[in-house]
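Text of the file final-v4.json, holding JSON, C-alpha atoms:
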[["chain", "number", "residue", "atom", "x", "y", "z"],
["E", 9, "SER", "CA", 41.83, -5.80, 103.53],
["E", 10, "ASP", "CA", 44.47, -6.74, 106.12],
["E", 11, "GLU", "CA", 43.01, -10.20, 106.65],
["E", 12, "GLY", "CA", 42.68, -10.82, 102.90],
["E", 13, "GLY", "CA", 46.22, -9.68, 102.25],
["E", 14, "PHE", "CA", 47.70, -11.82, 105.01],
["E", 15, "LEU", "CA", 45.77, -14.87, 103.81],
["E", 16, "ALA", "CA", 46.78, -14.35, 100.17],
["E", 17, "ILE", "CA", 50.46, -13.98, 101.09],
["E", 18, "ALA", "CA", 50.33, -17.04, 103.35],
["E", 19, "ARG", "CA", 48.75, -19.11, 100.57],
["E", 20, "ALA", "CA", 51.37, -17.98, 98.07],
["E", 21, "TRP", "CA", 54.13, -18.79, 100.57],
["E", 22, "ARG", "CA", 52.63, -22.24, 101.14],
["E", 23, "HIS", "CA", 52.58, -22.89, 97.40],
["E", 24, "GLY", "CA", 56.24, -22.10, 96.84],
["E", 25, "ALA", "CA", 56.65, -18.32, 96.76],
["E", 26, "THR", "CA", 59.59, -16.92, 98.71],
["E", 27, "LEU", "CA", 58.45, -14.75, 101.57],
["E", 28, "TYR", "CA", 59.72, -11.13, 101.41],
["E", 29, "ARG", "CA", 60.95, -11.62, 97.84],
["E", 30, "ASP", "CA", 58.05, -12.94, 95.76],
["E", 31, "VAL", "CA", 55.42, -11.84, 98.28],
["E", 32, "TRP", "CA", 55.99, -9.05, 100.77],
["E", 33, "VAL", "CA", 54.31, -7.49, 103.80],
["E", 34, "ASP", "CA", 55.67, -5.25, 106.54],
["E", 35, "ARG", "CA", 55.29, -7.86, 109.28],
["E", 36, "PRO", "CA", 57.58, -10.53, 110.76],
["E", 37, "GLN", "CA", 57.04, -14.18, 109.96],
["E", 38, "GLY", "CA", 54.87, -15.09, 112.95],
["E", 39, "LEU", "CA", 51.71, -13.55, 111.54],
["E", 40, "LEU", "CA", 52.19, -15.30, 108.20],
["E", 41, "VAL", "CA", 52.90, -18.60, 109.96],
["E", 42, "VAL", "CA", 49.54, -18.34, 111.75],
["E", 43, "TYR", "CA", 47.71, -17.58, 108.51],
["E", 44, "ARG", "CA", 49.63, -20.29, 106.65],
["E", 45, "LEU", "CA", 48.67, -22.86, 109.29],
["E", 46, "PHE", "CA", 45.06, -21.69, 109.08],
["E", 47, "SER", "CA", 45.14, -22.08, 105.30],
["E", 48, "LEU", "CA", 46.79, -25.50, 105.58],
["E", 49, "LEU", "CA", 43.95, -26.66, 107.85],
["E", 50, "GLY", "CA", 41.43, -25.70, 105.21],
["E", 51, "GLY", "CA", 40.49, -22.24, 106.41],
["E", 52, "GLY", "CA", 39.48, -19.65, 103.88],
["E", 53, "ALA", "CA", 38.28, -16.09, 103.48],
["E", 54, "SER", "CA", 34.80, -16.86, 104.79],
["E", 55, "THR", "CA", 36.15, -18.20, 108.10],
["E", 56, "VAL", "CA", 39.36, -16.20, 108.58],
["E", 57, "ARG", "CA", 37.97, -14.50, 111.69],
["E", 58, "VAL", "CA", 38.19, -17.81, 113.50],
["E", 59, "ILE", "CA", 41.84, -16.82, 114.00],
["E", 60, "GLY", "CA", 40.78, -13.70, 115.88],
["E", 61, "LEU", "CA", 38.26, -15.67, 117.91],
["E", 62, "VAL", "CA", 40.86, -18.22, 119.02],
["E", 63, "PHE", "CA", 43.53, -15.64, 119.85],
["E", 64, "GLY", "CA", 41.01, -13.30, 121.48],
["E", 65, "ALA", "CA", 39.79, -16.08, 123.76],
["E", 66, "ALA", "CA", 43.39, -17.01, 124.58],
["E", 67, "GLY", "CA", 44.13, -13.39, 125.46],
["E", 68, "VAL", "CA", 41.16, -13.20, 127.82],
["E", 69, "VAL", "CA", 42.22, -16.40, 129.58],
["E", 70, "ALA", "CA", 45.80, -15.11, 129.83],
["E", 71, "VAL", "CA", 44.67, -11.81, 131.37],
["E", 72, "ALA", "CA", 42.55, -13.70, 133.89],
["E", 73, "ALA", "CA", 45.47, -15.96, 134.81],
["E", 74, "ALA", "CA", 47.89, -13.05, 135.14],
["E", 75, "VAL", "CA", 45.60, -11.04, 137.41],
["E", 76, "ARG", "CA", 44.62, -14.10, 139.43],
["E", 77, "SER", "CA", 48.28, -14.70, 140.24],
["E", 78, "VAL", "CA", 48.64, -11.32, 141.94],
["E", 79, "ALA", "CA", 45.14, -10.36, 143.10],
["E", 80, "GLY", "CA", 43.05, -13.48, 143.53],
["E", 81, "ASP", "CA", 40.16, -15.27, 141.86],
["E", 82, "TRP", "CA", 37.60, -12.45, 141.98],
["E", 83, "ALA", "CA", 40.03, -9.96, 140.44],
["E", 84, "GLY", "CA", 40.89, -12.48, 137.73],
["E", 85, "LEU", "CA", 37.20, -12.89, 136.91],
["E", 86, "VAL", "CA", 36.68, -9.13, 136.68],
["E", 87, "ALA", "CA", 39.77, -8.81, 134.47],
["E", 88, "ALA", "CA", 38.55, -11.56, 132.14],
["E", 89, "PHE", "CA", 35.15, -9.93, 131.73],
["E", 90, "VAL", "CA", 36.57, -6.47, 131.08],
["E", 91, "ALA", "CA", 39.29, -7.71, 128.71],
["E", 92, "ALA", "CA", 36.72, -9.69, 126.71],
["E", 93, "LEU", "CA", 34.36, -6.72, 126.54],
["E", 94, "LEU", "CA", 37.04, -4.23, 125.50],
["E", 95, "SER", "CA", 39.07, -6.34, 123.08],
["E", 96, "ALA", "CA", 36.01, -7.49, 121.13],
["E", 97, "ALA", "CA", 34.44, -4.04, 120.76],
["E", 98, "PRO", "CA", 33.24, -3.36, 117.19],
["E", 99, "ALA", "CA", 34.29, 0.31, 117.48],
["E", 100, "ILE", "CA", 37.93, -0.79, 117.45],
["E", 101, "GLU", "CA", 37.40, -3.65, 114.97],
["E", 102, "GLY", "CA", 37.87, -6.22, 117.70],
["E", 103, "PHE", "CA", 36.19, -8.80, 115.46],
["E", 104, "SER", "CA", 39.05, -8.71, 112.96],
["E", 105, "SER", "CA", 41.99, -11.13, 112.89],
["E", 106, "ASN", "CA", 44.48, -8.27, 112.85],
["E", 107, "GLY", "CA", 48.02, -8.22, 114.15],
["E", 108, "GLU", "CA", 47.09, -6.03, 117.12],
["E", 109, "LEU", "CA", 44.61, -8.56, 118.46],
["E", 110, "LEU", "CA", 46.90, -11.53, 117.89],
["E", 111, "SER", "CA", 50.01, -9.90, 119.31],
["E", 112, "GLY", "CA", 48.08, -8.40, 122.23],
["E", 113, "ALA", "CA", 46.79, -11.84, 123.18],
["E", 114, "MET", "CA", 50.28, -13.33, 123.08],
["E", 115, "SER", "CA", 51.68, -10.43, 125.11],
["E", 116, "ALA", "CA", 49.05, -11.22, 127.73],
["E", 117, "ALA", "CA", 50.15, -14.86, 127.64],
["E", 118, "ALA", "CA", 53.77, -13.81, 128.16],
["E", 119, "VAL", "CA", 52.80, -11.76, 131.22],
["E", 120, "ALA", "CA", 50.73, -14.65, 132.59],
["E", 121, "LEU", "CA", 53.62, -17.11, 132.18],
["E", 122, "ALA", "CA", 56.07, -14.69, 133.78],
["E", 123, "LEU", "CA", 53.81, -14.12, 136.77],
["E", 124, "TYR", "CA", 53.34, -17.85, 137.17],
["E", 125, "ALA", "CA", 57.12, -18.19, 137.31],
["E", 126, "LEU", "CA", 57.51, -15.29, 139.74],
["E", 127, "CYS", "CA", 54.78, -16.60, 142.02],
["E", 128, "SER", "CA", 56.24, -20.11, 142.12],
["E", 129, "ALA", "CA", 57.09, -20.52, 145.78],
["E", 130, "SER", "CA", 58.15, -24.13, 145.49],
["E", 131, "PRO", "CA", 61.47, -24.98, 143.81],
["E", 132, "ALA", "CA", 59.76, -28.15, 142.55],
["E", 133, "ARG", "CA", 57.73, -26.00, 140.16],
["E", 134, "ARG", "CA", 60.94, -24.96, 138.37],
["E", 135, "PRO", "CA", 60.17, -21.36, 137.46],
["E", 136, "GLY", "CA", 63.07, -21.08, 135.01],
["E", 137, "PRO", "CA", 61.40, -22.92, 132.11],
["E", 138, "TRP", "CA", 58.23, -20.89, 132.63],
["E", 139, "MET", "CA", 60.16, -17.64, 132.40],
["E", 140, "PHE", "CA", 61.93, -18.93, 129.29],
["E", 141, "ALA", "CA", 58.50, -19.71, 127.84],
["E", 142, "ALA", "CA", 57.38, -16.18, 128.74],
["E", 143, "GLY", "CA", 60.28, -14.73, 126.76],
["E", 144, "ALA", "CA", 59.57, -16.96, 123.75],
["E", 145, "THR", "CA", 55.87, -16.10, 123.89],
["E", 146, "GLY", "CA", 56.66, -12.40, 124.13],
["E", 147, "ALA", "CA", 58.91, -12.67, 121.10],
["E", 148, "PHE", "CA", 56.16, -14.55, 119.29],
["E", 149, "ALA", "CA", 53.88, -11.59, 120.05],
["E", 150, "TRP", "CA", 56.49, -9.34, 118.40],
["E", 151, "SER", "CA", 56.55, -11.64, 115.36],
["E", 152, "LEU", "CA", 52.81, -11.05, 114.96],
["E", 153, "LYS", "CA", 53.18, -7.25, 115.07],
["E", 154, "GLN", "CA", 56.36, -5.32, 115.84],
["E", 155, "SER", "CA", 54.61, -3.29, 118.53],
["E", 156, "GLY", "CA", 53.62, -6.49, 120.32],
["E", 157, "ALA", "CA", 56.70, -6.71, 122.54],
["E", 158, "ASP", "CA", 54.96, -4.73, 125.31],
["E", 159, "GLY", "CA", 54.30, -7.64, 127.66],
["E", 160, "MET", "CA", 57.82, -9.00, 127.40],
["E", 161, "ALA", "CA", 59.32, -5.53, 127.81],
["E", 162, "ALA", "CA", 57.22, -4.88, 130.91],
["E", 163, "VAL", "CA", 58.36, -8.13, 132.51],
["E", 164, "GLY", "CA", 61.99, -7.28, 131.73],
["E", 165, "LEU", "CA", 61.65, -3.80, 133.22],
["E", 166, "TRP", "CA", 59.96, -5.17, 136.32],
["E", 167, "LEU", "CA", 62.79, -7.65, 136.85],
["E", 168, "VAL", "CA", 65.41, -4.91, 136.52],
["E", 169, "VAL", "CA", 63.56, -2.72, 139.02],
["E", 170, "ALA", "CA", 63.05, -5.72, 141.32],
["E", 171, "ALA", "CA", 66.81, -6.37, 141.33],
["E", 172, "LEU", "CA", 67.67, -2.73, 142.01],
["E", 173, "ALA", "CA", 64.94, -2.10, 144.59],
["E", 174, "GLY", "CA", 65.36, -5.37, 146.44],
["E", 175, "TRP", "CA", 61.89, -6.70, 145.68],
["E", 176, "LEU", "CA", 63.58, -9.98, 144.80],
["E", 177, "PRO", "CA", 67.00, -11.33, 145.74],
["E", 178, "ARG", "CA", 69.27, -9.93, 143.04],
["E", 179, "ARG", "CA", 70.52, -13.30, 141.91],
["E", 180, "ARG", "CA", 66.99, -14.62, 141.55],
["E", 181, "ALA", "CA", 65.86, -11.54, 139.61],
["E", 182, "LEU", "CA", 68.82, -11.74, 137.24],
["E", 183, "THR", "CA", 68.28, -15.47, 136.73],
["E", 184, "HIS", "CA", 64.68, -14.79, 135.75],
["E", 185, "LEU", "CA", 65.83, -12.00, 133.45],
["E", 186, "ALA", "CA", 68.36, -14.27, 131.77],
["E", 187, "ALA", "CA", 65.68, -16.92, 131.18],
["E", 188, "LEU", "CA", 63.30, -14.30, 129.76],
["E", 189, "VAL", "CA", 65.96, -12.95, 127.39],
["E", 190, "GLY", "CA", 66.98, -16.47, 126.43],
["E", 191, "GLY", "CA", 63.45, -17.37, 125.39],
["E", 192, "ALA", "CA", 63.09, -14.18, 123.38],
["E", 193, "VAL", "CA", 66.47, -14.60, 121.67],
["E", 194, "ALA", "CA", 65.58, -18.16, 120.68],
["E", 195, "LEU", "CA", 62.54, -17.03, 118.71],
["E", 196, "PHE", "CA", 64.20, -13.88, 117.33],
["E", 197, "ALA", "CA", 67.07, -16.07, 116.13],
["E", 198, "ALA", "CA", 64.65, -18.44, 114.40],
["E", 199, "CYS", "CA", 63.08, -15.54, 112.49],
["E", 200, "ALA", "CA", 66.48, -14.12, 111.55],
["E", 201, "LEU", "CA", 67.79, -17.53, 110.47],
["E", 202, "HIS", "CA", 64.83, -18.02, 108.18],
["E", 203, "ALA", "CA", 65.51, -14.57, 106.70],
["E", 204, "VAL", "CA", 69.20, -15.35, 106.17],
["E", 205, "LEU", "CA", 68.33, -18.57, 104.35],
["E", 206, "THR", "CA", 65.69, -16.95, 102.13],
["E", 207, "GLU", "CA", 65.59, -13.17, 101.69],
["E", 208, "TRP", "CA", 67.52, -11.18, 104.31],
["E", 209, "HIS", "CA", 67.26, -7.72, 102.77],
["E", 210, "GLY", "CA", 63.53, -8.03, 102.10],
["E", 211, "TRP", "CA", 62.95, -9.25, 105.66],
["E", 212, "TRP", "CA", 65.02, -6.48, 107.22],
["E", 213, "TYR", "CA", 63.20, -3.82, 105.24],
["E", 214, "ALA", "CA", 59.82, -5.37, 106.09],
["E", 215, "VAL", "CA", 60.48, -5.60, 109.81],
["E", 216, "ILE", "CA", 62.50, -2.43, 110.42],
["E", 217, "GLY", "CA", 63.35, -0.41, 107.31],
["E", 218, "TYR", "CA", 59.84, 0.28, 106.04],
["E", 219, "ARG", "CA", 58.65, 1.52, 109.42],
["E", 220, "ALA", "CA", 61.73, 3.62, 110.00],
["E", 221, "GLU", "CA", 61.63, 5.22, 106.55],
["E", 222, "GLN", "CA", 57.91, 5.60, 105.83],
["E", 223, "ARG", "CA", 55.41, 4.70, 108.57],
["E", 224, "SER", "CA", 56.15, 5.48, 112.19],
["E", 225, "ALA", "CA", 55.51, 8.14, 114.79],
["E", 226, "LEU", "CA", 58.52, 10.03, 113.46],
["E", 227, "VAL", "CA", 57.97, 9.62, 109.72],
["E", 228, "GLY", "CA", 54.62, 9.85, 107.98],
["E", 229, "ALA", "CA", 52.54, 9.87, 111.16],
["E", 230, "ASN", "CA", 48.83, 10.58, 110.76],
["E", 231, "TRP", "CA", 48.13, 12.58, 113.92],
["E", 232, "PRO", "CA", 44.70, 13.82, 112.78],
["E", 233, "ARG", "CA", 43.59, 10.18, 112.58],
["E", 234, "LEU", "CA", 44.67, 9.69, 116.21],
["E", 235, "TRP", "CA", 42.21, 12.32, 117.40],
["E", 236, "ARG", "CA", 39.50, 10.99, 115.10],
["E", 237, "THR", "CA", 39.83, 7.40, 116.28],
["E", 238, "ALA", "CA", 40.17, 8.48, 119.91],
["E", 239, "SER", "CA", 36.89, 10.37, 119.68],
["E", 240, "ALA", "CA", 35.25, 7.44, 117.88],
["E", 241, "THR", "CA", 36.38, 4.84, 120.41],
["E", 242, "TRP", "CA", 36.11, 6.71, 123.72],
["E", 243, "LEU", "CA", 33.05, 4.71, 124.76],
["E", 244, "VAL", "CA", 35.29, 1.65, 124.80],
["E", 245, "TRP", "CA", 38.18, 2.84, 126.93],
["E", 246, "VAL", "CA", 36.98, 5.84, 128.94],
["E", 247, "PRO", "CA", 34.63, 3.78, 131.21],
["E", 248, "ALA", "CA", 37.52, 1.43, 131.96],
["E", 249, "VAL", "CA", 39.79, 4.34, 132.87],
["E", 250, "LEU", "CA", 37.07, 5.82, 135.09],
["E", 251, "ALA", "CA", 36.60, 2.46, 136.78],
["E", 252, "VAL", "CA", 40.30, 2.34, 137.60],
["E", 253, "GLY", "CA", 40.17, 5.90, 138.89],
["E", 254, "PHE", "CA", 37.25, 5.05, 141.17],
["E", 255, "ALA", "CA", 38.97, 1.95, 142.47],
["E", 256, "LEU", "CA", 42.15, 3.90, 143.24],
["E", 257, "TRP", "CA", 40.10, 6.61, 144.97],
["E", 258, "ALA", "CA", 38.40, 3.93, 147.06],
["E", 259, "ARG", "CA", 41.84, 2.77, 148.23],
["E", 260, "PRO", "CA", 40.98, -0.86, 149.02],
["E", 261, "PRO", "CA", 42.89, -1.87, 152.15],
["E", 262, "THR", "CA", 45.79, -4.24, 151.96],
["E", 263, "ALA", "CA", 44.89, -7.63, 153.35],
["E", 264, "ASP", "CA", 46.56, -8.51, 156.62],
["E", 265, "GLY", "CA", 49.64, -10.56, 156.00],
["E", 266, "GLU", "CA", 49.66, -9.93, 152.27],
["E", 267, "ALA", "CA", 53.14, -10.57, 150.90],
["E", 268, "ASP", "CA", 55.18, -7.61, 149.74],
["E", 269, "LEU", "CA", 55.97, -9.48, 146.53],
["E", 270, "ALA", "CA", 52.30, -9.59, 145.52],
["E", 271, "ARG", "CA", 52.00, -5.82, 145.92],
["E", 272, "HIS", "CA", 55.15, -5.27, 143.89],
["E", 273, "LEU", "CA", 54.00, -7.68, 141.18],
["E", 274, "ARG", "CA", 50.83, -5.66, 140.67],
["E", 275, "LEU", "CA", 53.03, -2.81, 139.44],
["E", 276, "LEU", "CA", 53.72, -4.96, 136.40],
["E", 277, "MET", "CA", 50.25, -4.11, 135.06],
["E", 278, "PRO", "CA", 50.77, -0.33, 134.63],
["E", 279, "MET", "CA", 54.24, -1.05, 133.22],
["E", 280, "TRP", "CA", 52.59, -3.30, 130.66],
["E", 281, "LEU", "CA", 50.06, -0.63, 129.74],
["E", 282, "GLY", "CA", 52.85, 1.94, 129.45],
["E", 283, "PHE", "CA", 54.76, -0.17, 126.92],
["E", 284, "ALA", "CA", 51.52, -0.90, 125.06],
["E", 285, "VAL", "CA", 50.90, 2.85, 124.74],
["E", 286, "LEU", "CA", 54.44, 3.31, 123.40],
["E", 287, "GLY", "CA", 53.83, 0.57, 120.86],
["E", 288, "PHE", "CA", 50.51, 2.14, 119.90],
["E", 289, "LEU", "CA", 52.12, 5.53, 119.34],
["E", 290, "SER", "CA", 55.14, 4.14, 117.51],
["E", 291, "GLY", "CA", 53.07, 2.91, 114.56],
["E", 292, "GLY", "CA", 52.04, 6.42, 113.62],
["E", 293, "GLN", "CA", 48.96, 5.46, 111.58],
["E", 294, "PHE", "CA", 46.41, 5.14, 114.42],
["E", 295, "PHE", "CA", 43.77, 3.07, 112.69],
["E", 296, "ASP", "CA", 40.79, 1.98, 114.76],
["E", 297, "HIS", "CA", 42.21, -1.49, 115.31],
["E", 298, "TYR", "CA", 45.42, -0.08, 116.79],
["E", 299, "TRP", "CA", 43.44, 0.45, 120.00],
["E", 300, "VAL", "CA", 42.95, -3.29, 120.43],
["E", 301, "GLY", "CA", 46.52, -3.67, 121.68],
["E", 302, "LEU", "CA", 45.76, -1.48, 124.69],
["E", 303, "MET", "CA", 42.72, -3.41, 125.84],
["E", 304, "PHE", "CA", 44.37, -6.45, 127.38],
["E", 305, "PRO", "CA", 46.64, -4.50, 129.78],
["E", 306, "LEU", "CA", 43.79, -2.08, 130.49],
["E", 307, "GLY", "CA", 41.54, -5.01, 131.34],
["E", 308, "ALA", "CA", 44.24, -6.37, 133.64],
["E", 309, "ILE", "CA", 44.51, -3.04, 135.47],
["E", 310, "VAL", "CA", 40.74, -2.85, 135.89],
["E", 311, "GLY", "CA", 40.75, -6.38, 137.27],
["E", 312, "VAL", "CA", 43.53, -5.69, 139.77],
["E", 313, "THR", "CA", 41.93, -2.46, 141.04],
["E", 314, "VAL", "CA", 38.18, -2.96, 140.75],
["E", 315, "GLY", "CA", 38.46, -6.65, 141.59],
["E", 316, "ARG", "CA", 39.65, -5.75, 145.07],
["E", 317, "LEU", "CA", 36.66, -3.52, 145.87],
["E", 318, "PRO", "CA", 34.64, -6.15, 147.77],
["E", 319, "ARG", "CA", 37.12, -5.74, 150.63],
["E", 320, "ALA", "CA", 36.64, -1.99, 150.43],
["E", 321, "ARG", "CA", 32.88, -2.54, 150.62],
["E", 322, "ILE", "CA", 33.25, -4.45, 153.87],
["E", 323, "GLN", "CA", 35.36, -1.73, 155.47],
["E", 324, "TYR", "CA", 33.87, 1.44, 153.99],
["E", 325, "GLY", "CA", 30.43, 0.44, 152.79],
["E", 326, "LEU", "CA", 31.23, 1.88, 149.38],
["E", 327, "LEU", "CA", 29.02, -0.46, 147.42],
["E", 328, "SER", "CA", 26.26, -1.12, 149.93]]
Represent the structure from my file as structure tokens, please.
Amino acid sequence: SDEGGFLAIARAWRHGATLYRDVWVDRPQGLLVVYRLFSLLGGGASTVRVIGLVFGAAGVVAVAAAVRSVAGDWAGLVAAFVAALLSAAPAIEGFSSNGELLSGAMSAAAVALALYALCSASPARRPGPWMFAAGATGAFAWSLKQSGADGMAAVGLWLVVAALAGWLPRRRALTHLAALVGGAVALFAACALHAVLTEWHGWWYAVIGYRAEQRSALVGANWPRLWRTASATWLVWVPAVLAVGFALWARPPTADGEADLARHLRLLMPMWLGFAVLGFLSGGQFFDHYWVGLMFPLGAIVGVTVGRLPRARIQYGLLS
């Protein structure tokens, strides 16, 4: 029903209807832009899940790239496998082209771009534009589903902590933060400008008002459904959590000469998961597909922790 509704609204918008006035949905424009582009390219109801396939694959690649930046090739491979397995699980409707899958994939891309910028040792690589792109991509994730700002928020929090704790030179951290915010503001401003020129009140109610008044964790929350979906989907996420617990118990040793920055950057992954959990809870409806948004950061954490176990095997013989 979600896919059909998004596609119908996008088609009506493409054929002259005014978005948020003639046709309405409680999502920002990004999701409808994706469906409108899909419709413009000839896509229809029978092939709409191609959108989910494309974004799901992009999310897996982004998770692999993010983890590879801070933990190496093997960890990136593990993260890609786990993220693909979790995010596509039928128990959480991972086959559907829903906002959670699309926004989760773009949040992963924002994290990957930010880590590429932060790991750029050479000034010739110009990390600023990459961090700006991370902010714009994170805002694009929000435009697909309001809870999709988790990746961008995690990067912003990490940069603030890095400036305060001295993980990065303060000026460098604040420069990165300014580029991240600049990229996000650019896309937010584009959405707001479109709303001003078309239907501001309808857009505002769709993006903020409807959730605040009727469907959120504070108003109209369906807590019984949370426990039902958690019990129905535990086979998806519990093994991943146990794998992380085992890897942390194994305490893989830090490689000799490993840079402090790499260790600090790995803390971005639990921050990302924390914001994803907040976004998951904020919706208040807890449908099965809500869980998809947690799977990309969870896959990244599994990759960072479990992906380092071969070094533990050499030292402790854990896996021999």
May I have the residues within 9 Å of Ala72 (chain E) as an NGL selection string, using all atoms listed in the file and disregarding those fewer than 2 positions away in the same chain? :E and (67-70 or 74-77 or 81 or 83-89 or 91 or 120 or 308 or 311)
I'd like the contact shell of region 41-56 of chain E - 12 Å cut-off, only C-alpha atoms, skipping same-chain residues fewer than 3 positions apart - returned as a PyMOL selection string. chain E and resi 9-24+27+35-38+59-63+103-107+110-111+148-149+151-152+199
Straight-line distance linking CA of Ala161 (chain E) with CA of Val58 (chain E), stated in Å to one decimal: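 Spanning CA of Ala161 (chain E) to CA of Val58 (chain E) is a straight-line distance of 28.3 Å.
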Measuring between only C-alpha atoms, which one of E:Arg219, E:Gly253, E:Leu281, E:Trp211 shows the shortest distance to Ser115 (chain E)? E:Leu281
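Distance check against Tyr218 (chain E) using all atoms listed in the file: of E:Leu167, E:Asp268, E:Met114, E:Gly291, the minimum falls on E:Gly291.
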When distances are computed from only C-alpha atoms, which of E:Val31, E:Ala203, E:His184, E:Tyr298 shows the smallest separation from Arg233 (chain E)? E:Tyr298
Here is a test: counting only C-alpha atoms, which residue of E:Ala170, E:Met277, E:Leu286, E:Met160 is nearest to Val310 (chain E)?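 So, comparing all the options, the nearest one is E:Met277.
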Quick one, how far is CA of Leu94 (chain E) from CA of Ala141 (chain E)?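 Separating CA of Leu94 (chain E) from CA of Ala141 (chain E) is a distance of 26.6 Å.
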When distances are computed from all atoms listed in the file, which of E:Ser155, E:Ala118, E:Ala225, E:Ala200 shows the smallest separation from Leu188 (chain E)? E:Ala118
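You can rank E:Gln154, E:Thr237, E:Ser224, E:Thr183 by their closest distance to Ala284 (chain E) using only C-alpha atoms, and at the top of that list sits E:Gln154.
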Test item: residues at most 8 Å from Trp32 (chain E), only C-alpha atoms, excluding those fewer than 2 positions along its chain, as a list of chain:residue names: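 Here the answer would be E:Ile17, E:Leu27, E:Tyr28, E:Arg29, E:Asp30, E:Asp34, E:Gly210, E:Ala214.
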Quick one, how far is CA of Gly146 (chain E) from CA of Ala187 (chain E)? 12.3 Å
Return as JSON the box centre and box size in Å, one decimal, for an axis-aligned box around all listed atoms of region 156-159 of chain E padded by 3 Å per side.
{"center_x": 55.2, "center_y": -6.2, "center_z": 124.0, "size_x": 9.1, "size_y": 8.9, "size_z": 13.3}
Which neighbours of Glu101 (chain E) fall inside 8 Å, counting all atoms listed in the file, when residues of the same chain fewer than 2 positions from it are skipped, and could you give them as an mmCIF file with C-alpha atoms, in the frame of the given file?
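Written out: result01.cif:
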data_model
loop_
_atom_site.group_PDB
_atom_site.id
_atom_site.type_symbol
_atom_site.label_atom_id
_atom_site.label_comp_id
_atom_site.auth_asym_id
_atom_site.auth_seq_id
_atom_site.Cartn_x
_atom_site.Cartn_y
_atom_site.Cartn_z
ATOM 1 C CA ALA E 96 36.010 -7.490 121.130
ATOM 2 C CA ALA E 97 34.440 -4.040 120.760
ATOM 3 C CA PRO E 98 33.240 -3.360 117.190
ATOM 4 C CA ALA E 99 34.290 0.310 117.480
ATOM 5 C CA PHE E 103 36.190 -8.800 115.460
ATOM 6 C CA SER E 104 39.050 -8.710 112.960
ATOM 7 C CA ASP E 296 40.790 1.980 114.760
ATOM 8 C CA HIS E 297 42.210 -1.490 115.310
ATOM 9 C CA VAL E 300 42.950 -3.290 120.430
#
Neighbouring residues of Val169 (chain E) were defined as those with any atom within 12 Å, considering only C-alpha atoms; residues of the same chain fewer than 6 positions away were excluded. Please report them as a PyMOL selection string. chain E and resi 162-163+175-178+181-182+185+272-273+275-276+279
Restore N, CA, C and O atoms in region 55-64 of chain E and list the result as a PDB file, in the frame of the given file.
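rebuild.pdb, written as the output of this step:
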ATOM      1  N   THR E  55      36.004 -17.786 106.693  1.00  0.00           N
ATOM      2  CA  THR E  55      36.150 -18.200 108.100  1.00  0.00           C
ATOM      3  C   THR E  55      37.414 -17.649 108.744  1.00  0.00           C
ATOM      4  O   THR E  55      37.806 -18.098 109.819  1.00  0.00           O
ATOM      5  N   VAL E  56      38.058 -16.662 108.098  1.00  0.00           N
ATOM      6  CA  VAL E  56      39.360 -16.200 108.580  1.00  0.00           C
ATOM      7  C   VAL E  56      39.251 -15.607 109.988  1.00  0.00           C
ATOM      8  O   VAL E  56      40.234 -15.613 110.745  1.00  0.00           O
ATOM      9  N   ARG E  57      38.093 -15.121 110.378  1.00  0.00           N
ATOM     10  CA  ARG E  57      37.970 -14.500 111.690  1.00  0.00           C
ATOM     11  C   ARG E  57      37.946 -15.508 112.835  1.00  0.00           C
ATOM     12  O   ARG E  57      37.909 -15.123 114.001  1.00  0.00           O
ATOM     13  N   VAL E  58      37.972 -16.787 112.476  1.00  0.00           N
ATOM     14  CA  VAL E  58      38.190 -17.810 113.500  1.00  0.00           C
ATOM     15  C   VAL E  58      39.536 -17.589 114.183  1.00  0.00           C
ATOM     16  O   VAL E  58      39.700 -17.838 115.381  1.00  0.00           O
ATOM     17  N   ILE E  59      40.523 -17.107 113.421  1.00  0.00           N
ATOM     18  CA  ILE E  59      41.840 -16.820 114.000  1.00  0.00           C
ATOM     19  C   ILE E  59      41.695 -15.808 115.131  1.00  0.00           C
ATOM     20  O   ILE E  59      42.217 -15.994 116.233  1.00  0.00           O
ATOM     21  N   GLY E  60      40.982 -14.717 114.854  1.00  0.00           N
ATOM     22  CA  GLY E  60      40.780 -13.700 115.880  1.00  0.00           C
ATOM     23  C   GLY E  60      40.013 -14.229 117.064  1.00  0.00           C
ATOM     24  O   GLY E  60      40.286 -13.872 118.215  1.00  0.00           O
ATOM     25  N   LEU E  61      39.039 -15.098 116.810  1.00  0.00           N
ATOM     26  CA  LEU E  61      38.260 -15.670 117.910  1.00  0.00           C
ATOM     27  C   LEU E  61      39.150 -16.510 118.829  1.00  0.00           C
ATOM     28  O   LEU E  61      39.077 -16.391 120.061  1.00  0.00           O
ATOM     29  N   VAL E  62      39.983 -17.342 118.225  1.00  0.00           N
ATOM     30  CA  VAL E  62      40.860 -18.220 119.020  1.00  0.00           C
ATOM     31  C   VAL E  62      41.866 -17.396 119.820  1.00  0.00           C
ATOM     32  O   VAL E  62      42.044 -17.592 121.025  1.00  0.00           O
ATOM     33  N   PHE E  63      42.534 -16.455 119.154  1.00  0.00           N
ATOM     34  CA  PHE E  63      43.530 -15.640 119.850  1.00  0.00           C
ATOM     35  C   PHE E  63      42.866 -14.714 120.866  1.00  0.00           C
ATOM     36  O   PHE E  63      43.408 -14.481 121.953  1.00  0.00           O
ATOM     37  N   GLY E  64      41.704 -14.159 120.528  1.00  0.00           N
ATOM     38  CA  GLY E  64      41.010 -13.300 121.480  1.00  0.00           C
ATOM     39  C   GLY E  64      40.638 -14.047 122.746  1.00  0.00           C
ATOM     40  O   GLY E  64      40.814 -13.533 123.861  1.00  0.00           O
TER      41      GLY E  64
END
